[in-house]
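A quick write-up on the structure given underneath.
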Amino acid sequence: MRRFLRSFGWFAILFAGYLAPARAQERVEIPQGEARPLKAVLFRPSGPGPFPAVVALHGCGGLGSGTAMIGGRHADWGQRLADQGYIVLFPDSFGSRGLGPQCLVRDRTVRPSKERVSDAYAAKAWLQQRPDVIADKVSLLGWSNGGSSVLWSLADERKPQDGRPDFNAAVAFYPGCRQVTQSAGRRDWASRLPLLILIGEADTWTPAEPCRDLVKLMQAGGRNATIITYANAVHEFDHPNRQPTKRTGLAFTSDDSGEAMVGTDYEARADALARVPAFLKR
């Protein structure tokens with residue numbers, strides 16, 4: 001069976017990607033007082049609700065060009081989670097500030113440890129005001145740069161004091177854990193919520209070892225943290241149909257070469273597609 005999957009895995013991924021059920025996307029804006037509104041994309045299940053919800057944080061490539069539709073990995077997850085009964089909100093951290101993709105930019109003005117944390121909590125508060133959202137069932141999900149933002153969002157000291165329910169749980173796909181781990185080692189930093197990290201052992205863009213160290217620190221502090229690693233997977237392993245490709249000119253990689261492989265790993269993707277919803281529903 002494994003040999004069959006290896007032989008026909010790419011065909012299955014491409015076929016499933018093209019036949020994925022359509023899910024309407026809605027462009028929305030989150031007011032932020034005198035500051036410019038935070039643009040976002042919303043996926044919503046059919047029916048009146050109320051529904052659990054997910055704040056989903058894009059990677060360094062951004063959310064898209066600002067057109068009516070987003071695609072690829074983000075749309076795939078938005079569709080799938082909406083089909084399973086979740087409202088999914090993607091805040092556009094870069095486009096809202098007039099920025100394009102940031103993967104090649106070293107001097108970033110929108111940081112996972114600050115601006116993107118604020119975006120995550122603004123998105124949560126906006127969802128919790130909606131009558132079709134279960135206010136105490138809002139989870140946090142992110143990829144790469146967005147996964148790093150998830151980790152920074154869950155530090156005890158970052159908990160908002162607005163009186164609203166906290167996030168319910170968090171999932172980080174291949175986050176950059178090195179700076180978070182260093183911070184955790186210097187002071188009492190630990191995720192206050194159940195956390196799941198999913199990452200490839202062959203990922204050289206955001207390597208797995210610092211994430212393992214971070215989870216060990218959390219577990220030593222009695223926190224609920226789990227890491228799942230995939231032996232042959234690289235960055236973006238959960239993409240629905242990305243052929244393995246070498247990215248160059250990247251601002252941050254583990255070996256400072258600026259190069260890293262990205263692409264779908266169909267076995268790791270299949271595990272993640274089952275594992276993430278199960279984790280969110282616990």
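If you're wondering about the labels, chains in the structure tokens are A, B, ... by order shown, residues count from 1 in each chain, ligands from 1 in order shown.
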Q.
Based on the backbone DSSP call, show me all residues of range 160-248 of chain A assigned helix (DSSP H, G or I), as a PyMOL selection string.
A. chain A and resi 178-186+209-220
Q.
List as JSON, numbers by chain the protein and nucleic acid residues near range 247-264 of chain A, meaning an atom at most 10 Å away when only C-alpha atoms are counted, but skip any in the same chain fewer than 2 places from it.
A. {"A": [9, 10, 13, 102, 103, 104, 105, 106, 107, 108, 176, 178, 202, 203, 204, 205, 206, 207, 233, 234, 235, 236, 237, 238, 239, 240, 241, 242, 243, 244, 245, 266, 267, 268, 269]}
Q. Pick the closest to Ala274 in chain A from A:Lys137, A:Arg80, A:Lys114, A:His58: which is it, counting only C-alpha atoms?
A.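 Using only C-alpha atoms, the shortest distance to Ala274 in chain A belongs to A:Arg80.
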Q.
Residues of range 73-137 of chain A classed as strand (DSSP E) by DSSP on the backbone are to be reported as a PyMOL selection string.
A. chain A and resi 87-91+133-137
Now that the selection is made, can you save its residues with C-alpha atoms as a PDB file, in the first residue's frame?
```
ATOM      1  CA  ILE A  87     -15.762  29.866  10.759  1.00  0.00           C
ATOM      2  CA  VAL A  88     -12.222  30.621   9.585  1.00  0.00           C
ATOM      3  CA  LEU A  89     -10.794  34.153   9.527  1.00  0.00           C
ATOM      4  CA  PHE A  90      -7.493  35.006   7.798  1.00  0.00           C
ATOM      5  CA  PRO A  91      -6.255  38.470   8.865  1.00  0.00           C
ATOM      6  CA  VAL A 133     -19.484  32.430  16.690  1.00  0.00           C
ATOM      7  CA  ILE A 134     -19.158  30.483  19.961  1.00  0.00           C
ATOM      8  CA  ALA A 135     -17.071  33.018  21.868  1.00  0.00           C
ATOM      9  CA  ASP A 136     -15.141  30.514  24.006  1.00  0.00           C
ATOM     10  CA  LYS A 137     -14.406  28.190  21.073  1.00  0.00           C
TER      11      LYS A 137
END
```
(Q) Calculated over only C-alpha atoms, which of the candidates A:Val110, A:Leu196, A:Leu217, A:Leu63 has the smallest distance to Leu280 in chain A? (A) A:Leu196
Q: Please identify all polymer residues within 8 Å of Arg27 in chain A, counting only C-alpha atoms, omitting same-chain residues fewer than 3 positions from it, and present them as a ChimeraX atom specification.
A: /A:39-42,68
(Q) Can you pull out the residues contacting Leu154 in chain A? Cut-off 7 Å, using only C-alpha atoms, and skip same-chain residues under 4 positions away; I want them as a VMD selection string. (A) chain A and resid 150 158 191 to 193
Could you save those same residues with N, CA and C atoms as a PDB file, in the first residue's frame?
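In the end it all went to again_9.pdb:
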```pdb
ATOM      1  N   VAL A 150       1.873  32.547  16.135  1.00  0.00           N
ATOM      2  CA  VAL A 150       1.075  31.756  17.072  1.00  0.00           C
ATOM      3  C   VAL A 150       1.837  31.570  18.376  1.00  0.00           C
ATOM      4  N   ARG A 158       1.325  37.830  27.020  1.00  0.00           N
ATOM      5  CA  ARG A 158       0.605  38.415  25.887  1.00  0.00           C
ATOM      6  C   ARG A 158      -0.910  38.268  26.014  1.00  0.00           C
ATOM      7  N   SER A 191       3.581  28.479  26.735  1.00  0.00           N
ATOM      8  CA  SER A 191       2.231  28.580  26.193  1.00  0.00           C
ATOM      9  C   SER A 191       1.216  28.280  27.282  1.00  0.00           C
ATOM     10  N   ARG A 192       0.223  29.141  27.406  1.00  0.00           N
ATOM     11  CA  ARG A 192      -0.804  28.943  28.426  1.00  0.00           C
ATOM     12  C   ARG A 192      -1.949  28.096  27.909  1.00  0.00           C
ATOM     13  N   LEU A 193      -1.911  27.706  26.626  1.00  0.00           N
ATOM     14  CA  LEU A 193      -2.988  26.953  25.999  1.00  0.00           C
ATOM     15  C   LEU A 193      -2.458  25.659  25.413  1.00  0.00           C
TER      16      LEU A 193
END
```
Q. If you measure from CA of Trp126 in chain A to CA of Pro165 in chain A, what distance in Å do you get, rounded to one decimal?
A.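 Distance between the two atoms: 12.2 Å.
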Q. What is the distance, in Å and to one decimal place, between CA of Gly59 in chain A and CA of Ile197 in chain A?
A.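 Interatomic distance, CA of Gly59 in chain A to CA of Ile197 in chain A: 14.9 Å.
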Q: Give me the residues within 12 Å of Gly47 in chain A as JSON, numbers by chain, counting only C-alpha atoms and dropping any in the same chain fewer than 4 places off.
A: {"A": [51, 82, 83, 85, 86, 87, 132, 133]}
Q: Select, from A:Pro101, A:Phe173, A:Pro52, A:Cys60, the residue with the minimum atom-to-atom distance to Cys211 in chain A, counting only C-alpha atoms.
A: A:Phe173
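Candidate residues A:Leu38, A:Val171, A:Ala220, A:Leu273 were compared for distance to Val54 in chain A, and the nearest is A:Val171, using only C-alpha atoms.
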